[in-house]
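Structure data (TSV, N, CA and C atoms) from run_34.tsv:
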chain	number	residue	atom	x	y	z
Z	105	MET	N	0.82	-1.19	0.00
Z	105	MET	CA	0.00	0.00	0.00
Z	105	MET	C	0.87	1.26	0.00
Z	106	GLN	N	2.01	1.24	0.74
Z	106	GLN	CA	2.91	2.38	0.82
Z	106	GLN	C	3.50	2.71	-0.55
Z	107	ILE	N	3.83	1.67	-1.32
Z	107	ILE	CA	4.41	1.87	-2.66
Z	107	ILE	C	3.40	2.57	-3.56
Z	108	ARG	N	2.15	2.15	-3.50
Z	108	ARG	CA	1.10	2.76	-4.32
Z	108	ARG	C	0.90	4.22	-3.94
Z	109	THR	N	0.88	4.52	-2.64
Z	109	THR	CA	0.70	5.89	-2.17
Z	109	THR	C	1.87	6.76	-2.59
Z	110	SER	N	3.08	6.23	-2.50
Z	110	SER	CA	4.28	6.95	-2.90
Z	110	SER	C	4.25	7.23	-4.41
Z	111	ARG	N	3.91	6.23	-5.20
Z	111	ARG	CA	3.83	6.39	-6.66
Z	111	ARG	C	2.74	7.39	-7.03
Z	112	LEU	N	1.61	7.34	-6.37
Z	112	LEU	CA	0.51	8.26	-6.61
Z	112	LEU	C	0.95	9.69	-6.29
Z	113	SER	N	1.68	9.87	-5.22
Z	113	SER	CA	2.18	11.18	-4.83
Z	113	SER	C	3.14	11.73	-5.90
Z	114	GLN	N	4.03	10.87	-6.39
Z	114	GLN	CA	4.97	11.28	-7.44
Z	114	GLN	C	4.23	11.71	-8.71
Z	115	LEU	N	3.22	10.96	-9.08
Z	115	LEU	CA	2.44	11.28	-10.27
Z	115	LEU	C	1.71	12.61	-10.10
Z	116	ARG	N	1.16	12.84	-8.93
Z	116	ARG	CA	0.46	14.11	-8.66
Z	116	ARG	C	1.43	15.29	-8.74
Z	117	GLN	N	2.63	15.11	-8.22
Z	117	GLN	CA	3.64	16.17	-8.29
Z	117	GLN	C	4.03	16.47	-9.73
Z	118	LYS	N	4.21	15.44	-10.53
Z	118	LYS	CA	4.53	15.63	-11.95
Z	118	LYS	C	3.39	16.37	-12.66
Z	119	LEU	N	2.17	15.98	-12.36
Z	119	LEU	CA	1.00	16.62	-12.97
Z	119	LEU	C	0.94	18.10	-12.60
Z	120	THR	N	1.18	18.41	-11.34
Z	120	THR	CA	1.18	19.81	-10.89
Z	120	THR	C	2.28	20.59	-11.59
Z	121	GLY	N	3.46	20.01	-11.71
Z	121	GLY	CA	4.57	20.67	-12.39
Z	121	GLY	C	4.28	20.95	-13.85
Z	122	LEU	N	3.65	20.01	-14.52
Z	122	LEU	CA	3.32	20.17	-15.94
Z	122	LEU	C	2.25	21.23	-16.16
Z	123	SER	N	1.40	21.45	-15.17
Z	123	SER	CA	0.31	22.40	-15.35
Z	123	SER	C	0.77	23.85	-15.23
Z	124	GLN	N	1.99	24.07	-14.76
Z	124	GLN	CA	2.53	25.42	-14.59
Z	124	GLN	C	3.49	25.72	-15.73
Z	125	LEU	N	3.12	26.69	-16.56
Z	125	LEU	CA	3.97	27.07	-17.69
Z	125	LEU	C	5.09	28.00	-17.24
Z	126	PRO	N	6.27	27.87	-17.84
Z	126	PRO	CA	7.38	28.77	-17.51
Z	126	PRO	C	7.05	30.22	-17.89
Z	127	PRO	N	7.48	31.17	-17.07
Z	127	PRO	CA	7.19	32.59	-17.34
Z	127	PRO	C	7.69	33.07	-18.70
Z	128	ASP	N	8.81	32.53	-19.18
Z	128	ASP	CA	9.35	32.99	-20.47
Z	128	ASP	C	8.44	32.62	-21.64
Z	129	LEU	N	7.60	31.60	-21.48
Z	129	LEU	CA	6.65	31.25	-22.54
Z	129	LEU	C	5.43	32.18	-22.53
Z	130	ILE	N	5.11	32.73	-21.38
Z	130	ILE	CA	3.93	33.58	-21.24
Z	130	ILE	C	4.27	35.05	-21.47
Z	131	ALA	N	5.48	35.47	-21.16
Z	131	ALA	CA	5.88	36.88	-21.20
Z	131	ALA	C	5.54	37.60	-22.51
Z	132	PRO	N	5.76	37.00	-23.69
Z	132	PRO	CA	5.45	37.73	-24.93
Z	132	PRO	C	3.98	38.15	-25.05
Z	133	PHE	N	3.11	37.47	-24.36
Z	133	PHE	CA	1.68	37.77	-24.48
Z	133	PHE	C	1.23	38.81	-23.47
Z	134	LEU	N	2.08	39.13	-22.51
Z	134	LEU	CA	1.73	40.10	-21.48
Z	134	LEU	C	2.14	41.52	-21.85
Z	135	ALA	N	2.98	41.65	-22.86
Z	135	ALA	CA	3.42	42.98	-23.31
Z	135	ALA	C	2.26	43.71	-23.96
Z	136	GLY	N	2.27	45.02	-23.87
Z	136	GLY	CA	1.17	45.81	-24.43
Z	136	GLY	C	1.53	46.52	-25.73
Z	137	ASP	N	2.71	46.23	-26.25
Z	137	ASP	CA	3.15	46.91	-27.48
Z	137	ASP	C	2.23	46.57	-28.65
Z	138	PRO	N	1.85	47.59	-29.42
Z	138	PRO	CA	1.01	47.31	-30.58
Z	138	PRO	C	1.84	46.63	-31.68
Z	139	PHE	N	1.17	45.86	-32.50
Z	139	PHE	CA	1.87	45.28	-33.64
Z	139	PHE	C	0.97	45.35	-34.87
Z	140	ILE	N	1.61	45.17	-36.01
Z	140	ILE	CA	0.91	45.25	-37.29
Z	140	ILE	C	1.15	43.95	-38.05
Z	141	LYS	N	0.08	43.37	-38.51
Z	141	LYS	CA	0.18	42.17	-39.32
Z	141	LYS	C	0.61	42.58	-40.72
Z	142	GLY	N	1.65	41.96	-41.23
Z	142	GLY	CA	2.06	42.26	-42.59
Z	142	GLY	C	3.57	42.22	-42.76
Z	143	SER	N	3.98	42.45	-44.00
Z	143	SER	CA	5.39	42.44	-44.35
Z	143	SER	C	5.72	43.70	-45.13
Z	144	LEU	N	6.89	44.22	-44.88
Z	144	LEU	CA	7.39	45.38	-45.62
Z	144	LEU	C	8.30	44.92	-46.74
Z	145	TYR	N	8.17	45.58	-47.87
Z	145	TYR	CA	9.11	45.32	-48.95
Z	145	TYR	C	9.15	46.51	-49.88
Z	146	THR	N	10.14	46.51	-50.77
Z	146	THR	CA	10.30	47.61	-51.73
Z	146	THR	C	9.57	47.23	-53.02
Z	147	LEU	N	8.64	48.07	-53.39
Z	147	LEU	CA	7.88	47.87	-54.62
Z	147	LEU	C	8.51	48.73	-55.71
Z	148	ARG	N	8.83	48.13	-56.84
Z	148	ARG	CA	9.44	48.85	-57.96
Z	148	ARG	C	8.49	48.75	-59.15
Z	149	ARG	N	8.22	49.91	-59.77
Z	149	ARG	CA	7.27	49.91	-60.88
Z	149	ARG	C	7.51	51.07	-61.84
Z	150	LYS	N	6.85	50.96	-62.98
Z	150	LYS	CA	6.89	52.01	-64.01
Z	150	LYS	C	5.69	52.92	-63.83
Z	151	CYS	N	5.86	54.18	-64.23
Z	151	CYS	CA	4.75	55.12	-64.13
Z	151	CYS	C	4.05	55.33	-65.48
Z	152	SER	N	4.62	54.88	-66.55
Z	152	SER	CA	4.08	54.93	-67.92
Z	152	SER	C	4.21	56.28	-68.61
Z	153	LYS	N	4.99	57.22	-68.07
Z	153	LYS	CA	5.27	58.46	-68.77
Z	153	LYS	C	6.39	58.18	-69.78
Z	154	ALA	N	6.20	58.57	-71.00
Z	154	ALA	CA	7.15	58.23	-72.06
Z	154	ALA	C	8.54	58.79	-71.82
Z	155	SER	N	8.64	59.95	-71.20
Z	155	SER	CA	9.96	60.57	-71.01
Z	155	SER	C	10.58	60.27	-69.65
Z	156	CYS	N	9.96	59.42	-68.85
Z	156	CYS	CA	10.45	59.14	-67.49
Z	156	CYS	C	11.61	58.15	-67.51
Z	157	ARG	N	12.45	58.24	-66.50
Z	157	ARG	CA	13.59	57.34	-66.36
Z	157	ARG	C	13.17	55.88	-66.22
Z	158	CYS	N	11.94	55.66	-65.74
Z	158	CYS	CA	11.50	54.27	-65.54
Z	158	CYS	C	11.31	53.54	-66.87
Z	159	MET	N	11.15	54.27	-67.95
Z	159	MET	CA	11.04	53.63	-69.26
Z	159	MET	C	12.39	53.09	-69.72
Z	160	ARG	N	13.48	53.61	-69.11
Z	160	ARG	CA	14.83	53.12	-69.43
Z	160	ARG	C	15.27	52.03	-68.45
Z	161	GLY	N	14.37	51.60	-67.58
Z	161	GLY	CA	14.68	50.52	-66.66
Z	161	GLY	C	14.94	50.95	-65.23
Z	162	GLU	N	15.01	52.26	-64.98
Z	162	GLU	CA	15.23	52.76	-63.62
Z	162	GLU	C	13.86	52.92	-62.94
Z	163	LEU	N	13.37	51.84	-62.37
Z	163	LEU	CA	12.02	51.82	-61.82
Z	163	LEU	C	11.87	52.69	-60.57
Z	164	HIS	N	10.67	53.20	-60.37
Z	164	HIS	CA	10.35	53.97	-59.17
Z	164	HIS	C	10.22	52.98	-58.00
Z	165	ALA	N	10.79	53.35	-56.87
Z	165	ALA	CA	10.76	52.46	-55.71
Z	165	ALA	C	9.99	53.12	-54.57
Z	166	SER	N	9.20	52.33	-53.89
Z	166	SER	CA	8.51	52.80	-52.68
Z	166	SER	C	8.40	51.63	-51.72
Z	167	ILE	N	8.42	51.95	-50.43
Z	167	ILE	CA	8.28	50.93	-49.39
Z	167	ILE	C	6.79	50.74	-49.14
Z	168	VAL	N	6.35	49.47	-49.14
Z	168	VAL	CA	4.94	49.18	-48.92
Z	168	VAL	C	4.79	48.10	-47.85
Z	169	LEU	N	3.63	48.11	-47.23
Z	169	LEU	CA	3.25	47.07	-46.28
Z	169	LEU	C	2.17	46.25	-46.95
Z	170	THR	N	2.32	44.95	-46.93
Z	170	THR	CA	1.30	44.07	-47.49
Z	170	THR	C	0.79	43.14	-46.40
Z	171	ALA	N	-0.52	42.91	-46.42
Z	171	ALA	CA	-1.14	42.04	-45.43
Z	171	ALA	C	-2.41	41.45	-46.01
Z	172	SER	N	-2.75	40.27	-45.53
Z	172	SER	CA	-3.99	39.62	-45.93
Z	172	SER	C	-5.05	39.99	-44.90
Z	173	ILE	N	-6.07	40.70	-45.35
Z	173	ILE	CA	-7.17	41.12	-44.49
Z	173	ILE	C	-8.46	40.52	-45.05
Z	174	SER	N	-9.11	39.70	-44.26
Z	174	SER	CA	-10.35	39.02	-44.68
Z	174	SER	C	-10.17	38.26	-45.99
Z	175	GLY	N	-9.02	37.62	-46.14
Z	175	GLY	CA	-8.77	36.81	-47.31
Z	175	GLY	C	-8.30	37.57	-48.54
Z	176	LYS	N	-8.16	38.88	-48.43
Z	176	LYS	CA	-7.70	39.68	-49.57
Z	176	LYS	C	-6.38	40.35	-49.22
Z	177	THR	N	-5.45	40.35	-50.17
Z	177	THR	CA	-4.16	41.00	-49.96
Z	177	THR	C	-4.31	42.49	-50.17
Z	178	ARG	N	-3.88	43.24	-49.17
Z	178	ARG	CA	-3.93	44.70	-49.22
Z	178	ARG	C	-2.51	45.24	-49.21
Z	179	ILE	N	-2.31	46.38	-49.86
Z	179	ILE	CA	-1.00	47.02	-49.92
Z	179	ILE	C	-1.16	48.48	-49.52
Z	180	TRP	N	-0.29	48.94	-48.60
Z	180	TRP	CA	-0.29	50.33	-48.17
Z	180	TRP	C	1.09	50.92	-48.39
Z	181	SER	N	1.15	52.12	-48.94
Z	181	SER	CA	2.43	52.83	-49.06
Z	181	SER	C	2.81	53.35	-47.69
Z	182	ILE	N	4.07	53.26	-47.37
Z	182	ILE	CA	4.55	53.70	-46.06
Z	182	ILE	C	5.43	54.93	-46.24
Z	183	PRO	N	5.05	56.05	-45.61
Z	183	PRO	CA	5.89	57.24	-45.69
Z	183	PRO	C	7.22	57.00	-44.96
Z	184	GLN	N	8.27	57.62	-45.42
Z	184	GLN	CA	9.61	57.43	-44.86
Z	184	GLN	C	9.64	57.72	-43.36
Z	185	GLU	N	8.91	58.73	-42.91
Z	185	GLU	CA	8.94	59.10	-41.49
Z	185	GLU	C	8.29	58.06	-40.57
Z	186	ARG	N	7.47	57.19	-41.11
Z	186	ARG	CA	6.82	56.14	-40.31
Z	186	ARG	C	7.45	54.76	-40.52
Z	187	LEU	N	8.44	54.68	-41.37
Z	187	LEU	CA	9.04	53.40	-41.73
Z	187	LEU	C	9.60	52.64	-40.52
Z	188	LYS	N	10.34	53.32	-39.66
Z	188	LYS	CA	10.93	52.66	-38.49
Z	188	LYS	C	9.83	52.11	-37.57
Z	189	GLU	N	8.83	52.91	-37.31
Z	189	GLU	CA	7.71	52.50	-36.44
Z	189	GLU	C	6.97	51.29	-37.01
Z	190	ILE	N	6.67	51.33	-38.29
Z	190	ILE	CA	5.94	50.23	-38.95
Z	190	ILE	C	6.80	48.98	-38.97
Z	191	ARG	N	8.08	49.14	-39.25
Z	191	ARG	CA	9.00	47.99	-39.29
Z	191	ARG	C	9.05	47.31	-37.92
Z	192	GLN	N	9.14	48.10	-36.84
Z	192	GLN	CA	9.17	47.54	-35.49
Z	192	GLN	C	7.86	46.84	-35.16
Z	193	SER	N	6.74	47.43	-35.56
Z	193	SER	CA	5.43	46.84	-35.28
Z	193	SER	C	5.22	45.53	-36.04
Z	194	ALA	N	5.69	45.48	-37.27
Z	194	ALA	CA	5.58	44.25	-38.06
Z	194	ALA	C	6.49	43.16	-37.48
Z	195	LYS	N	7.66	43.57	-37.01
Z	195	LYS	CA	8.58	42.62	-36.38
Z	195	LYS	C	7.98	42.09	-35.07
Z	196	ALA	N	7.31	42.97	-34.32
Z	196	ALA	CA	6.66	42.55	-33.06
Z	196	ALA	C	5.57	41.52	-33.35
Z	197	TYR	N	4.86	41.69	-34.45
Z	197	TYR	CA	3.82	40.72	-34.83
Z	197	TYR	C	4.43	39.36	-35.13
Z	198	ARG	N	5.54	39.35	-35.87
Z	198	ARG	CA	6.21	38.08	-36.19
Z	198	ARG	C	6.72	37.41	-34.92
Z	199	ARG	N	7.26	38.19	-33.97
Z	199	ARG	CA	7.71	37.62	-32.69
Z	199	ARG	C	6.53	37.04	-31.91
Z	200	PHE	N	5.40	37.74	-31.92
Z	200	PHE	CA	4.20	37.27	-31.24
Z	200	PHE	C	3.74	35.93	-31.82
Z	201	ARG	N	3.70	35.85	-33.15
Z	201	ARG	CA	3.27	34.61	-33.81
Z	201	ARG	C	4.24	33.47	-33.52
Z	202	GLN	N	5.53	33.74	-33.48
Z	202	GLN	CA	6.52	32.71	-33.18
Z	202	GLN	C	6.35	32.24	-31.74
Z	203	ALA	N	6.14	33.18	-30.82
Z	203	ALA	CA	5.94	32.82	-29.42
Z	203	ALA	C	4.66	31.99	-29.26
Z	204	ARG	N	3.64	32.34	-30.01
Z	204	ARG	CA	2.37	31.59	-29.98
Z	204	ARG	C	2.60	30.15	-30.44
Z	205	LYS	N	3.37	30.00	-31.50
Z	205	LYS	CA	3.68	28.68	-32.04
Z	205	LYS	C	4.43	27.85	-31.00
Z	206	GLU	N	5.42	28.46	-30.35
Z	206	GLU	CA	6.20	27.75	-29.33
Z	206	GLU	C	5.34	27.38	-28.13
Z	207	LEU	N	4.44	28.28	-27.73
Z	207	LEU	CA	3.56	28.00	-26.60
Z	207	LEU	C	2.63	26.84	-26.92
Z	208	LEU	N	2.05	26.84	-28.10
Z	208	LEU	CA	1.14	25.76	-28.49
Z	208	LEU	C	1.87	24.42	-28.59
Z	209	LYS	N	3.10	24.46	-29.07
Z	209	LYS	CA	3.90	23.23	-29.14
Z	209	LYS	C	4.16	22.69	-27.74
Z	210	GLU	N	4.50	23.59	-26.81
Z	210	GLU	CA	4.77	23.19	-25.43
Z	210	GLU	C	3.50	22.66	-24.76
Z	211	ILE	N	2.38	23.31	-25.00
Z	211	ILE	CA	1.11	22.85	-24.43
Z	211	ILE	C	0.76	21.46	-24.97
Z	212	SER	N	0.98	21.25	-26.25
Z	212	SER	CA	0.71	19.94	-26.85
Z	212	SER	C	1.61	18.86	-26.24
Z	213	ARG	N	2.89	19.20	-26.07
Z	213	ARG	CA	3.82	18.24	-25.47
Z	213	ARG	C	3.39	17.91	-24.04
Z	214	ARG	N	3.05	18.93	-23.29
Z	214	ARG	CA	2.62	18.72	-21.90
Z	214	ARG	C	1.30	17.96	-21.84
Z	215	ARG	N	0.42	18.22	-22.78
Z	215	ARG	CA	-0.88	17.55	-22.80
Z	215	ARG	C	-0.69	16.05	-22.90
Z	216	SER	N	0.17	15.60	-23.80
Z	216	SER	CA	0.38	14.16	-23.95
Z	216	SER	C	1.01	13.56	-22.69
Z	217	GLN	N	1.93	14.29	-22.07
Z	217	GLN	CA	2.52	13.81	-20.81
Z	217	GLN	C	1.46	13.75	-19.71
Z	218	MET	N	0.61	14.78	-19.65
Z	218	MET	CA	-0.43	14.81	-18.62
Z	218	MET	C	-1.42	13.67	-18.80
Z	219	LEU	N	-1.76	13.36	-20.05
Z	219	LEU	CA	-2.67	12.24	-20.30
Z	219	LEU	C	-2.06	10.92	-19.85
Z	220	SER	N	-0.77	10.75	-20.07
Z	220	SER	CA	-0.09	9.53	-19.61
Z	220	SER	C	-0.11	9.44	-18.08
Z	221	ILE	N	0.13	10.56	-17.43
Z	221	ILE	CA	0.11	10.60	-15.97
Z	221	ILE	C	-1.30	10.31	-15.46
Z	222	LEU	N	-2.30	10.90	-16.08
Z	222	LEU	CA	-3.69	10.66	-15.66
Z	222	LEU	C	-4.07	9.19	-15.82
Z	223	ALA	N	-3.60	8.56	-16.89
Z	223	ALA	CA	-3.87	7.14	-17.09
Z	223	ALA	C	-3.21	6.31	-15.99
Z	224	ALA	N	-1.99	6.69	-15.61
Z	224	ALA	CA	-1.29	5.97	-14.54
Z	224	ALA	C	-2.00	6.17	-13.20
Z	225	ILE	N	-2.46	7.39	-12.94
Z	225	ILE	CA	-3.20	7.66	-11.69
Z	225	ILE	C	-4.48	6.84	-11.65
Z	226	GLU	N	-5.17	6.81	-12.77
Z	226	GLU	CA	-6.42	6.03	-12.85
Z	226	GLU	C	-6.13	4.55	-12.57
Z	227	LYS	N	-5.06	4.04	-13.15
Z	227	LYS	CA	-4.71	2.63	-12.97
Z	227	LYS	C	-4.42	2.32	-11.49
Z	228	ILE	N	-3.71	3.23	-10.83
Z	228	ILE	CA	-3.39	3.03	-9.41
Z	228	ILE	C	-4.65	3.11	-8.54
Z	229	ARG	N	-5.53	4.05	-8.84
Z	229	ARG	CA	-6.69	4.30	-7.97
Z	229	ARG	C	-7.89	3.40	-8.25
Z	230	LEU	N	-7.91	2.77	-9.40
Z	230	LEU	CA	-9.06	1.97	-9.80
Z	230	LEU	C	-9.19	0.71	-8.94
Z	231	ARG	N	-10.35	0.49	-8.43
Z	231	ARG	CA	-10.64	-0.68	-7.58
Z	231	ARG	C	-11.75	-1.51	-8.23
Z	232	GLN	N	-11.68	-2.77	-7.98
Z	232	GLN	CA	-12.75	-3.66	-8.45
Z	232	GLN	C	-13.90	-3.62	-7.44
Z	233	PRO	N	-15.15	-3.67	-7.92
Z	233	PRO	CA	-16.28	-3.62	-6.99
Z	233	PRO	C	-16.39	-4.87	-6.11
Translate the structure of the given file into structure tokens.
Amino acid sequence: MQIRTSRLSQLRQKLTGLSQLPPDLIAPFLAGDPFIKGSLYTLRRKCSKASCRCMRGELHASIVLTASISGKTRIWSIPQERLKEIRQSAKAYRRFRQARKELLKEISRRRSQMLSILAAIEKIRLRQP
């Protein structure tokens, strides 16, 4: 009986430990910094004026933000004075998504371990009528 109680106690401790997520996995979600969904890139294009340099291959360049909103790709021109802010916000979004992916992976890993522990606890505690 002592062995069963000891094993049950160990399993309960493991279960409690698994239910507590490390602070570094939760921290990215507690920050209040705004972020922007999308990617920045340089768009190069012709303006179609016959005498313009772009007709000789020197395309006009502008920095744009692209994002999928409600299933449609949208493009916004970004003024130079807001470029740093938008770049940081877009980077924050990518970090948030990466942290979300890591958190979900960890939760999934812990879930399978917790199910194994619960099965072991059930096996120990189950009695025949």
- Query: Could you name the residues that touch region 195-212 of chain Z at 6 Å or less, counting only C-alpha atoms, but leaving out those on the same chain fewer than 4 positions away, as a PyMOL selection string?
  - Reply: chain Z and resi 139-141
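Going from CA of Arg229 (chain Z) over to CA of Gln124 (chain Z), you cover 24.0 Å.
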- Task: From the DSSP assignment of the backbone, select every residue of region 105-228 of chain Z that is strand (DSSP E), and format the answer as an MDAnalysis selection string.
- Result: chainID Z and resid 143:149 164:173 176:181
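Among the candidates Z:Lys176, Z:Ile221, Z:Cys156, Z:Val168, the one nearest to Leu115 (chain Z) when counting all atoms listed in the file is Z:Ile221.
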- Task: Could you tell me, as a ChimeraX atom specification, which residues of chain Z DSSP assigns to alpha helix (DSSP H) when given the backbone?
- Result: /Z:106-123,127-134,187-229
- Item | Computed interatomic separation between atom C of Arg186 (chain Z) and atom C of Asp137 (chain Z) (Å) | 15.3 Å
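The two atoms in question, atom N of Ser220 (chain Z) and atom N of Ser123 (chain Z), are spaced 12.0 Å apart.
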- Name the residues, using the chain letters and numbers of the file, that sit within 12 Å of (0.0, 11.0, -16.8) when counting only C-alpha atoms, and give them as a ChimeraX atom specification. /Z:111-112,114-123,213-228
Could you complete region 153-162 of chain Z so that it carries all heavy atoms, and give it back as a PDB file, in the coordinates of the input?
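Now in part_31.pdb:
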ATOM      1  N   LYS Z 153       4.990  57.220 -68.070  1.00  0.00           N
ATOM      2  CA  LYS Z 153       5.270  58.460 -68.770  1.00  0.00           C
ATOM      3  C   LYS Z 153       6.390  58.180 -69.780  1.00  0.00           C
ATOM      4  O   LYS Z 153       7.424  57.614 -69.431  1.00  0.00           O
ATOM      5  CB  LYS Z 153       5.712  59.558 -67.808  1.00  0.00           C
ATOM      6  CG  LYS Z 153       4.604  60.045 -66.901  1.00  0.00           C
ATOM      7  CD  LYS Z 153       5.127  61.143 -65.998  1.00  0.00           C
ATOM      8  CE  LYS Z 153       4.072  61.562 -65.004  1.00  0.00           C
ATOM      9  NZ  LYS Z 153       4.598  62.526 -64.035  1.00  0.00           N
ATOM     10  N   ALA Z 154       6.200  58.570 -71.000  1.00  0.00           N
ATOM     11  CA  ALA Z 154       7.150  58.230 -72.060  1.00  0.00           C
ATOM     12  C   ALA Z 154       8.540  58.790 -71.820  1.00  0.00           C
ATOM     13  O   ALA Z 154       9.537  58.158 -72.177  1.00  0.00           O
ATOM     14  CB  ALA Z 154       6.616  58.729 -73.396  1.00  0.00           C
ATOM     15  N   SER Z 155       8.640  59.950 -71.200  1.00  0.00           N
ATOM     16  CA  SER Z 155       9.960  60.570 -71.010  1.00  0.00           C
ATOM     17  C   SER Z 155      10.580  60.270 -69.650  1.00  0.00           C
ATOM     18  O   SER Z 155      11.642  60.789 -69.335  1.00  0.00           O
ATOM     19  CB  SER Z 155       9.831  62.088 -71.178  1.00  0.00           C
ATOM     20  OG  SER Z 155       8.943  62.594 -70.184  1.00  0.00           O
ATOM     21  N   CYS Z 156       9.960  59.420 -68.850  1.00  0.00           N
ATOM     22  CA  CYS Z 156      10.450  59.140 -67.490  1.00  0.00           C
ATOM     23  C   CYS Z 156      11.610  58.150 -67.510  1.00  0.00           C
ATOM     24  O   CYS Z 156      11.711  57.292 -68.394  1.00  0.00           O
ATOM     25  CB  CYS Z 156       9.305  58.603 -66.621  1.00  0.00           C
ATOM     26  SG  CYS Z 156       9.793  58.404 -64.895  1.00  0.00           S
ATOM     27  N   ARG Z 157      12.450  58.240 -66.500  1.00  0.00           N
ATOM     28  CA  ARG Z 157      13.590  57.340 -66.360  1.00  0.00           C
ATOM     29  C   ARG Z 157      13.170  55.880 -66.220  1.00  0.00           C
ATOM     30  O   ARG Z 157      13.927  54.970 -66.549  1.00  0.00           O
ATOM     31  CB  ARG Z 157      14.451  57.750 -65.180  1.00  0.00           C
ATOM     32  CG  ARG Z 157      13.736  57.623 -63.839  1.00  0.00           C
ATOM     33  CD  ARG Z 157      14.617  58.121 -62.695  1.00  0.00           C
ATOM     34  NE  ARG Z 157      13.850  58.215 -61.478  1.00  0.00           N
ATOM     35  CZ  ARG Z 157      13.720  57.235 -60.582  1.00  0.00           C
ATOM     36  NH1 ARG Z 157      14.321  56.089 -60.773  1.00  0.00           N
ATOM     37  NH2 ARG Z 157      12.989  57.410 -59.504  1.00  0.00           N
ATOM     38  N   CYS Z 158      11.940  55.660 -65.740  1.00  0.00           N
ATOM     39  CA  CYS Z 158      11.500  54.270 -65.540  1.00  0.00           C
ATOM     40  C   CYS Z 158      11.310  53.540 -66.870  1.00  0.00           C
ATOM     41  O   CYS Z 158      11.361  52.320 -66.911  1.00  0.00           O
ATOM     42  CB  CYS Z 158      10.221  54.215 -64.694  1.00  0.00           C
ATOM     43  SG  CYS Z 158       8.774  54.977 -65.422  1.00  0.00           S
ATOM     44  N   MET Z 159      11.150  54.270 -67.950  1.00  0.00           N
ATOM     45  CA  MET Z 159      11.040  53.630 -69.260  1.00  0.00           C
ATOM     46  C   MET Z 159      12.390  53.090 -69.720  1.00  0.00           C
ATOM     47  O   MET Z 159      12.456  52.228 -70.586  1.00  0.00           O
ATOM     48  CB  MET Z 159      10.487  54.609 -70.299  1.00  0.00           C
ATOM     49  CG  MET Z 159       9.040  54.908 -70.083  1.00  0.00           C
ATOM     50  SD  MET Z 159       8.103  53.381 -70.094  1.00  0.00           S
ATOM     51  CE  MET Z 159       6.479  54.009 -70.261  1.00  0.00           C
ATOM     52  N   ARG Z 160      13.480  53.610 -69.110  1.00  0.00           N
ATOM     53  CA  ARG Z 160      14.830  53.120 -69.430  1.00  0.00           C
ATOM     54  C   ARG Z 160      15.270  52.030 -68.450  1.00  0.00           C
ATOM     55  O   ARG Z 160      16.424  51.624 -68.448  1.00  0.00           O
ATOM     56  CB  ARG Z 160      15.823  54.282 -69.380  1.00  0.00           C
ATOM     57  CG  ARG Z 160      15.565  55.355 -70.423  1.00  0.00           C
ATOM     58  CD  ARG Z 160      16.664  56.421 -70.421  1.00  0.00           C
ATOM     59  NE  ARG Z 160      16.938  56.996 -69.103  1.00  0.00           N
ATOM     60  CZ  ARG Z 160      16.323  58.079 -68.588  1.00  0.00           C
ATOM     61  NH1 ARG Z 160      15.372  58.682 -69.272  1.00  0.00           N
ATOM     62  NH2 ARG Z 160      16.678  58.533 -67.409  1.00  0.00           N
ATOM     63  N   GLY Z 161      14.370  51.600 -67.580  1.00  0.00           N
ATOM     64  CA  GLY Z 161      14.680  50.520 -66.660  1.00  0.00           C
ATOM     65  C   GLY Z 161      14.940  50.950 -65.230  1.00  0.00           C
ATOM     66  O   GLY Z 161      15.112  50.119 -64.353  1.00  0.00           O
ATOM     67  N   GLU Z 162      15.010  52.260 -64.980  1.00  0.00           N
ATOM     68  CA  GLU Z 162      15.230  52.760 -63.620  1.00  0.00           C
ATOM     69  C   GLU Z 162      13.860  52.920 -62.940  1.00  0.00           C
ATOM     70  O   GLU Z 162      13.283  53.998 -62.943  1.00  0.00           O
ATOM     71  CB  GLU Z 162      15.966  54.087 -63.648  1.00  0.00           C
ATOM     72  CG  GLU Z 162      17.339  54.015 -64.278  1.00  0.00           C
ATOM     73  CD  GLU Z 162      17.957  55.394 -64.411  1.00  0.00           C
ATOM     74  OE1 GLU Z 162      17.786  56.215 -63.486  1.00  0.00           O
ATOM     75  OE2 GLU Z 162      18.585  55.641 -65.441  1.00  0.00           O
TER      76      GLU Z 162
END
